[in-house]
$ cat input_31.txt   # compact mmCIF, C-alpha atoms and all ligand atoms
# COMPACT_ATOMS: atom_id res chain seq x y z
CA MET A 1 0.00 0.00 0.00
CA CYS A 2 1.05 3.58 -0.61
CA GLY A 3 0.43 5.56 2.57
CA ARG A 4 2.29 8.69 3.58
CA ASP A 5 4.98 6.48 5.07
CA VAL A 6 8.69 6.46 4.41
CA ASN A 7 8.71 3.20 2.50
CA PRO A 8 10.88 3.76 -0.60
CA ILE A 9 8.71 1.43 -2.67
CA CYS A 10 5.00 0.83 -2.50
CA GLU A 11 2.47 -0.89 -4.69
CA PHE A 12 -0.84 0.78 -5.44
CA GLU A 13 -3.86 0.57 -7.69
CA GLY A 14 -3.21 3.04 -10.46
CA ARG A 15 -5.49 4.55 -13.07
CA GLY A 16 -7.96 2.15 -14.64
CA GLY A 17 -7.39 -0.15 -11.66
CA LEU A 18 -3.98 -1.15 -13.06
CA ALA A 19 -1.24 -2.39 -10.74
CA ALA A 20 1.44 0.23 -10.22
CA VAL A 21 4.53 0.84 -8.12
CA ARG A 22 5.75 4.11 -6.63
CA LEU A 23 9.43 4.75 -5.92
CA ARG A 24 10.28 7.44 -3.38
CA HIS A 25 13.78 8.75 -2.91
CA PRO A 26 14.60 10.41 0.44
CA SER A 27 15.30 13.65 -1.47
CA GLY A 28 11.60 13.82 -2.42
CA ALA A 29 12.07 12.58 -6.00
CA GLU A 30 9.45 10.06 -7.08
CA ALA A 31 8.69 7.75 -9.99
CA GLU A 32 5.70 5.62 -10.91
CA VAL A 33 5.83 2.42 -12.91
CA TYR A 34 2.80 0.49 -14.18
CA ARG A 35 3.23 -3.26 -14.34
CA ASN A 36 1.32 -3.08 -17.65
CA GLY A 37 4.40 -2.70 -19.84
CA ALA A 38 6.79 -1.99 -16.93
CA HIS A 39 5.85 1.47 -18.06
CA VAL A 40 7.30 4.48 -16.24
CA THR A 41 4.47 7.02 -16.24
CA SER A 42 5.91 9.70 -13.98
CA TRP A 43 9.29 10.98 -12.79
CA THR A 44 9.28 13.99 -10.52
CA LEU A 45 12.19 15.92 -9.05
CA PRO A 46 12.37 16.64 -5.29
CA GLN A 47 10.33 19.86 -5.65
CA GLY A 48 7.64 17.98 -7.55
CA GLU A 49 8.56 19.04 -11.09
CA GLU A 50 7.34 16.45 -13.60
CA MET A 51 9.92 15.43 -16.21
CA LEU A 52 7.83 13.10 -18.38
CA PHE A 53 4.90 13.84 -20.63
CA LEU A 54 1.72 11.83 -20.18
CA SER A 55 -1.26 12.37 -22.46
CA ARG A 56 -4.53 13.38 -20.86
CA MET A 57 -6.15 11.12 -23.50
CA SER A 58 -4.19 8.01 -22.61
CA ARG A 59 -6.11 4.77 -22.17
CA TRP A 60 -5.55 2.89 -18.94
CA GLU A 61 -6.42 -0.68 -19.79
CA GLU A 62 -4.52 -3.90 -19.33
CA GLY A 63 -3.12 -4.99 -22.66
CA ARG A 64 -3.12 -1.48 -24.17
CA ALA A 65 -0.17 0.84 -24.47
CA ILE A 66 -0.14 3.92 -22.23
CA ARG A 67 0.40 7.18 -24.18
CA GLY A 68 3.36 9.00 -22.68
CA GLY A 69 5.94 8.22 -20.03
CA ILE A 70 8.43 5.54 -21.08
CA PRO A 71 6.95 2.71 -23.13
CA LEU A 72 9.38 -0.15 -23.69
CA VAL A 73 9.55 -1.21 -27.31
CA PHE A 74 10.46 -4.92 -27.69
CA PRO A 75 11.02 -7.15 -29.66
CA GLN A 76 10.00 -5.13 -32.73
CA PHE A 77 10.28 -1.42 -33.40
CA GLY A 78 7.44 0.14 -35.41
CA PRO A 79 5.12 -1.84 -37.66
CA GLY A 80 5.86 -5.37 -38.86
CA ARG A 81 4.87 -8.95 -38.23
CA LEU A 82 4.14 -8.28 -34.56
CA PRO A 83 1.85 -5.60 -33.15
CA GLN A 84 3.32 -2.10 -33.56
CA HIS A 85 6.39 -1.67 -31.27
CA GLY A 86 6.13 -5.29 -30.06
CA PHE A 87 4.32 -6.82 -27.12
CA ALA A 88 6.45 -5.79 -24.11
CA ARG A 89 4.58 -2.50 -23.66
CA THR A 90 1.23 -4.27 -23.48
CA SER A 91 2.32 -7.26 -21.33
CA LEU A 92 1.92 -7.59 -17.60
CA TRP A 93 5.37 -7.59 -15.97
CA SER A 94 6.20 -8.91 -12.48
CA LEU A 95 7.75 -6.85 -9.75
CA ASP A 96 10.61 -9.08 -8.56
CA GLU A 97 12.65 -6.98 -6.14
CA ALA A 98 12.60 -3.49 -4.76
CA GLY A 99 14.53 -1.48 -2.21
CA THR A 100 17.43 0.88 -1.68
CA ALA A 101 20.74 0.06 -3.36
CA ARG A 102 24.18 0.64 -1.86
CA ASP A 103 24.60 3.87 -3.85
CA GLY A 104 21.45 5.23 -2.18
CA SER A 105 19.25 4.93 -5.25
CA VAL A 106 15.77 3.47 -4.90
CA ARG A 107 15.36 0.52 -7.26
CA ALA A 108 12.61 -1.69 -8.59
CA LEU A 109 13.25 -4.72 -10.75
CA PHE A 110 10.59 -5.95 -13.17
CA SER A 111 10.64 -9.08 -15.30
CA LEU A 112 8.78 -10.61 -18.21
CA GLU A 113 8.99 -14.08 -19.71
CA ASP A 114 7.45 -15.67 -22.76
CA THR A 115 3.90 -16.95 -22.40
CA ASP A 116 1.58 -18.95 -24.65
CA SER A 117 0.40 -15.68 -26.17
CA THR A 118 3.87 -14.27 -26.85
CA ARG A 119 5.02 -17.60 -28.33
CA ALA A 120 1.93 -17.64 -30.56
CA ILE A 121 3.22 -14.51 -32.33
CA TRP A 122 6.98 -14.69 -31.57
CA PRO A 123 7.99 -18.32 -31.11
CA TYR A 124 10.90 -17.93 -28.68
CA ARG A 125 11.58 -18.45 -25.01
CA PHE A 126 13.11 -15.36 -23.46
CA SER A 127 13.40 -13.48 -20.23
CA ALA A 128 13.50 -9.71 -19.95
CA ARG A 129 14.44 -7.63 -16.94
CA MET A 130 14.02 -3.95 -16.45
CA GLU A 131 15.45 -2.16 -13.44
CA VAL A 132 14.30 1.37 -12.66
CA GLY A 133 16.62 3.41 -10.44
CA LEU A 134 15.76 6.75 -8.86
CA LYS A 135 18.13 9.31 -7.36
CA GLU A 136 17.69 12.94 -6.42
CA ASP A 137 18.12 14.30 -9.94
CA SER A 138 18.20 11.22 -12.14
CA LEU A 139 16.24 8.27 -13.38
CA SER A 140 17.98 5.20 -14.79
CA ILE A 141 16.62 2.25 -16.68
CA SER A 142 18.68 -0.92 -17.16
CA LEU A 143 17.50 -3.63 -19.49
CA GLN A 144 18.52 -7.23 -19.96
CA ILE A 145 17.27 -9.76 -22.50
CA VAL A 146 18.26 -13.43 -22.23
CA ASN A 147 17.65 -16.00 -24.93
CA GLN A 148 16.14 -19.01 -23.09
CA ASP A 149 15.43 -20.81 -26.36
CA HIS A 150 17.26 -23.47 -28.37
CA GLU A 151 17.22 -21.23 -31.43
CA PRO A 152 18.83 -17.83 -31.93
CA PHE A 153 16.48 -14.84 -32.17
CA SER A 154 16.80 -11.23 -33.29
CA PHE A 155 15.15 -8.24 -31.71
CA GLN A 156 14.88 -4.48 -31.64
CA ILE A 157 14.42 -2.60 -28.39
CA ALA A 158 13.87 1.01 -27.37
CA LEU A 159 13.01 3.21 -24.44
CA HIS A 160 10.37 5.34 -26.14
CA THR A 161 10.72 8.23 -23.69
CA TYR A 162 8.22 11.10 -23.89
CA PHE A 163 9.94 14.11 -22.31
CA ARG A 164 7.68 16.83 -21.04
CA VAL A 165 8.47 20.27 -22.46
CA ASP A 166 6.77 23.59 -21.85
CA ASP A 167 6.87 24.76 -25.45
CA ILE A 168 8.18 22.64 -28.33
CA SER A 169 9.07 25.78 -30.31
CA ALA A 170 11.70 26.62 -27.65
CA VAL A 171 13.22 23.13 -27.47
CA MET A 172 16.69 22.21 -28.70
CA LEU A 173 18.21 18.75 -28.94
CA GLU A 174 21.99 18.79 -28.91
CA GLY A 175 24.58 16.14 -29.70
CA LEU A 176 23.48 14.75 -33.07
CA ARG A 177 25.51 16.90 -35.47
CA GLY A 178 27.36 14.74 -38.01
CA VAL A 179 25.22 11.66 -37.27
CA GLU A 180 23.63 9.75 -40.17
CA LEU A 181 19.87 9.50 -39.97
CA VAL A 182 16.97 7.75 -41.65
CA ASP A 183 14.00 10.06 -42.18
CA SER A 184 10.87 7.92 -41.76
CA LEU A 185 8.65 10.70 -43.13
CA ARG A 186 10.56 10.85 -46.41
CA GLY A 187 10.50 7.18 -47.37
CA GLY A 188 13.52 6.29 -45.27
CA VAL A 189 15.91 8.63 -47.08
CA ARG A 190 19.35 8.80 -45.45
CA GLU A 191 21.14 12.03 -44.72
CA THR A 192 23.59 13.50 -42.26
CA GLU A 193 22.44 15.84 -39.50
CA ASP A 194 24.17 19.18 -39.93
CA ARG A 195 22.58 21.08 -37.05
CA GLU A 196 24.38 21.62 -33.78
CA ALA A 197 21.04 22.07 -32.03
CA ILE A 198 17.93 20.53 -33.56
CA THR A 199 14.78 22.66 -33.30
CA PHE A 200 11.19 21.68 -34.10
CA GLU A 201 8.80 23.36 -36.52
CA CYS A 202 7.00 20.39 -38.10
CA GLU A 203 6.31 16.66 -37.78
CA THR A 204 9.56 14.84 -37.05
CA ASP A 205 10.23 11.09 -37.17
CA ARG A 206 13.90 10.31 -37.58
CA ILE A 207 16.19 7.47 -36.60
CA TYR A 208 19.75 8.56 -35.90
CA GLU A 209 22.19 5.70 -36.40
CA ASN A 210 25.09 5.23 -34.00
CA ALA A 211 24.29 8.36 -32.07
CA PRO A 212 26.69 9.57 -29.38
CA GLU A 213 26.19 8.10 -25.92
CA THR A 214 25.17 11.47 -24.53
CA LEU A 215 22.51 13.85 -25.84
CA ARG A 216 21.15 17.00 -24.26
CA LEU A 217 17.54 18.13 -24.45
CA VAL A 218 17.13 21.80 -23.61
CA ASP A 219 13.70 23.22 -22.78
CA ALA A 220 14.42 26.94 -22.86
CA ALA A 221 10.85 27.96 -21.95
CA ARG A 222 11.21 26.09 -18.67
CA GLY A 223 14.89 26.76 -18.06
CA ARG A 224 15.51 23.02 -17.78
CA ALA A 225 17.71 20.47 -19.56
CA VAL A 226 17.93 16.70 -19.46
CA VAL A 227 21.13 14.84 -20.23
CA ILE A 228 20.34 11.50 -21.85
CA SER A 229 23.13 8.92 -21.55
CA SER A 230 22.86 5.43 -22.99
CA TYR A 231 24.86 2.25 -23.24
CA GLY A 232 24.27 -0.73 -25.49
CA MET A 233 21.69 1.22 -27.46
CA PRO A 234 23.30 2.93 -30.44
CA ASP A 235 20.30 4.51 -32.14
CA ALA A 236 18.22 7.53 -31.18
CA VAL A 237 14.72 8.13 -32.54
CA VAL A 238 13.42 11.67 -32.45
CA TRP A 239 9.65 11.96 -32.79
CA ASN A 240 7.02 14.64 -32.56
CA PRO A 241 3.63 14.08 -34.31
CA TRP A 242 2.89 17.81 -34.80
CA VAL A 243 -0.60 18.98 -35.90
CA GLU A 244 -2.05 16.45 -38.35
CA LYS A 245 -0.77 13.26 -36.78
CA SER A 246 -1.85 14.44 -33.34
CA ARG A 247 -5.39 14.77 -34.70
CA ARG A 248 -5.24 11.23 -36.07
CA MET A 249 -4.10 9.70 -32.79
CA GLU A 250 -7.17 8.84 -30.71
CA ASP A 251 -5.28 8.65 -27.42
CA PHE A 252 -3.43 11.95 -27.79
CA GLY A 253 -4.80 15.50 -27.46
CA ASP A 254 -4.76 17.66 -30.59
CA ASP A 255 -2.63 20.32 -28.91
CA GLU A 256 -0.37 18.05 -26.88
CA TYR A 257 2.44 17.95 -29.44
CA THR A 258 3.52 21.33 -28.09
CA ARG A 259 4.22 19.74 -24.68
CA MET A 260 6.34 16.73 -25.56
CA LEU A 261 9.30 15.41 -27.46
CA CYS A 262 10.17 11.74 -27.76
CA VAL A 263 13.89 11.03 -27.69
CA GLU A 264 14.05 7.26 -27.89
CA THR A 265 17.22 5.35 -27.17
CA GLY A 266 17.47 1.89 -28.61
CA ILE A 267 18.51 -0.69 -31.16
CA VAL A 268 16.41 0.03 -34.18
CA LEU A 269 18.24 -0.14 -37.50
CA GLN A 270 20.37 -3.25 -36.94
CA PRO A 271 18.52 -5.81 -34.79
CA VAL A 272 20.63 -7.77 -32.32
CA THR A 273 20.83 -11.53 -32.73
CA LEU A 274 21.17 -13.50 -29.51
CA ALA A 275 22.45 -17.09 -29.51
CA PRO A 276 20.73 -19.63 -27.22
CA GLY A 277 21.68 -18.84 -23.61
CA ALA A 278 23.22 -15.47 -24.51
CA ALA A 279 22.29 -12.21 -22.79
CA TRP A 280 22.13 -8.61 -23.98
CA SER A 281 22.13 -5.60 -21.73
CA GLY A 282 21.75 -1.88 -22.23
CA GLY A 283 20.08 1.11 -20.70
CA SER A 284 19.74 4.84 -20.32
CA VAL A 285 20.22 7.39 -17.58
CA PHE A 286 18.34 10.70 -17.56
CA ASP A 287 19.91 13.49 -15.52
CA ALA A 288 17.96 16.65 -14.86
CA ALA A 289 20.17 19.72 -15.21
C1 LIG A 301 7.79 6.35 -32.85
C2 LIG A 301 7.74 6.09 -34.33
O1 LIG A 301 8.82 5.61 -32.30
O2 LIG A 301 6.56 5.95 -32.25
C3 LIG A 301 6.55 6.80 -34.93
O3 LIG A 301 8.95 6.50 -34.92
C4 LIG A 301 5.27 6.40 -34.20
O4 LIG A 301 6.46 6.51 -36.31
C5 LIG A 301 5.46 6.65 -32.71
O5 LIG A 301 4.19 7.13 -34.70
C6 LIG A 301 4.25 6.29 -31.86
O6 LIG A 301 3.91 4.95 -32.03
P1 LIG A 301 2.65 4.37 -31.29
O7 LIG A 301 2.55 2.94 -31.73
O8 LIG A 301 2.92 4.47 -29.82
O9 LIG A 301 1.48 5.19 -31.72
$ encode --input "input_31.txt" --output "structure tokens" --more "lines below"
Ligand code: BG6
Amino acid sequence: MCGRDVNPICEFEGRGGLAAVRLRHPSGAEAEVYRNGAHVTSWTLPQGEEMLFLSRMSRWEEGRAIRGGIPLVFPQFGPGRLPQHGFARTSLWSLDEAGTARDGSVRALFSLEDTDSTRAIWPYRFSARMEVGLKEDSLSISLQIVNQDHEPFSFQIALHTYFRVDDISAVMLEGLRGVELVDSLRGGVRETEDREAITFECETDRIYENAPETLRLVDAARGRAVVISSYGMPDAVVWNPWVEKSRRMEDFGDDEYTRMLCVETGIVLQPVTLAPGAAWSGGSVFDAA
């Protein structure tokens, strides 16, 4: 239960009656994770400032993706043979362990394994772990995928993070100059990013290949930046639906594109192949600055 106690971790019934977990750091920072998708839906700094965008139109139903926060994309990015962005974000994860780590961070470990329904669409045995770590000014997510099958399998994976911004027209994303990108809105054309600081004036849906490990998202209207550091996840997807696509999305407000930017860290362009028994790990750390 989630009373006003000092417990660093508590389980509670979230929106739509979904099972959720709250992490509380002694500094006052908090995070919320829904077991539906091991989906981080909120990350607040000690003074209560929310760092993630969550749509007011999101659905809160088991088996449906939540719109906003940090959906986990696995084992497929985008459309394909499997449901869009894979099944991890719509699966019910277990909470395995929780508590305070030696470095003082508050941690919760979630896991997911194959089931009859995952094997019906993706015929492999696997285990996935996601550890969420909360400190005063940072949120970290560590991921591990293990191939529990007798056959190799390939996968894509991404932390589809929706950052909250005050005004998209005053946002800059730094760190991608010189990086090759695939522009999904122009038939997958490849080009090289030539801007030191990327700004946003229209729909954007780009996959940056082999991006640097550290990017910086600056929200000038709010006087806030987030440093995004990743390991094991070479690609960065930058997405904002802008006016028309926002209108087409039923679980997203028409005007909400002004309040968010997705900077997704992951393995998108070159799927990883895991041999039987092999493990992959990667993750991201978000530091508020
Ligand atoms: C992004 C894709 O990662 O996710 C976009 O690049 C897509 O093309 C967006 O529209 C949202 O996807 P979904 O399935 O959550 O609506």
$ residues_around --input "input_31.txt" --residues "Glu131 (chain A)" --least-positions-apart "2" --cutoff "9 Å" --atoms "only C-alpha atoms" --output "ChimeraX atom specification"
/A:107-111,129,133,140-144
$ atom_distance --input "input_31.txt" --atom1 "CA of Val263 (chain A)" --atom2 "CA of Phe153 (chain A)"
26.4 Å
$ closest_residue --input "input_31.txt" --among "A:Ala98, A:Met57, A:Ala288, A:Ala128" --to "Gln148 (chain A)" --atoms "all atoms listed in the file"
A:Ala128
$ residues_near_ligand --input "input_31.txt" --ligand "ligand LIG 301 (chain A)" --cutoff "9 Å" --atoms "all atoms listed in the file" --output "ChimeraX atom specification"
/A:65-68,71,73,77-79,83-85,158,160,184-185,204-207,237-241,245,249,251,262-264
$ residues_around --input "input_31.txt" --residues "Gln270 (chain A)" --least-positions-apart "6" --cutoff "10 Å" --atoms "all atoms listed in the file" --output "list in words"
Ser154, Phe155, Gln156, Glu209, Pro234 and Asp235 of chain A
$ closest_residue --input "input_31.txt" --among "A:Gly80, A:Gly232, A:Gly63, A:Pro75" --to "Asp114 (chain A)" --atoms "all atoms listed in the file"
A:Pro75
$ closest_residue --input "input_31.txt" --among "A:Leu139, A:Leu18, A:Ala220, A:Ala236" --to "Glu61 (chain A)" --atoms "all atoms listed in the file"
A:Leu18
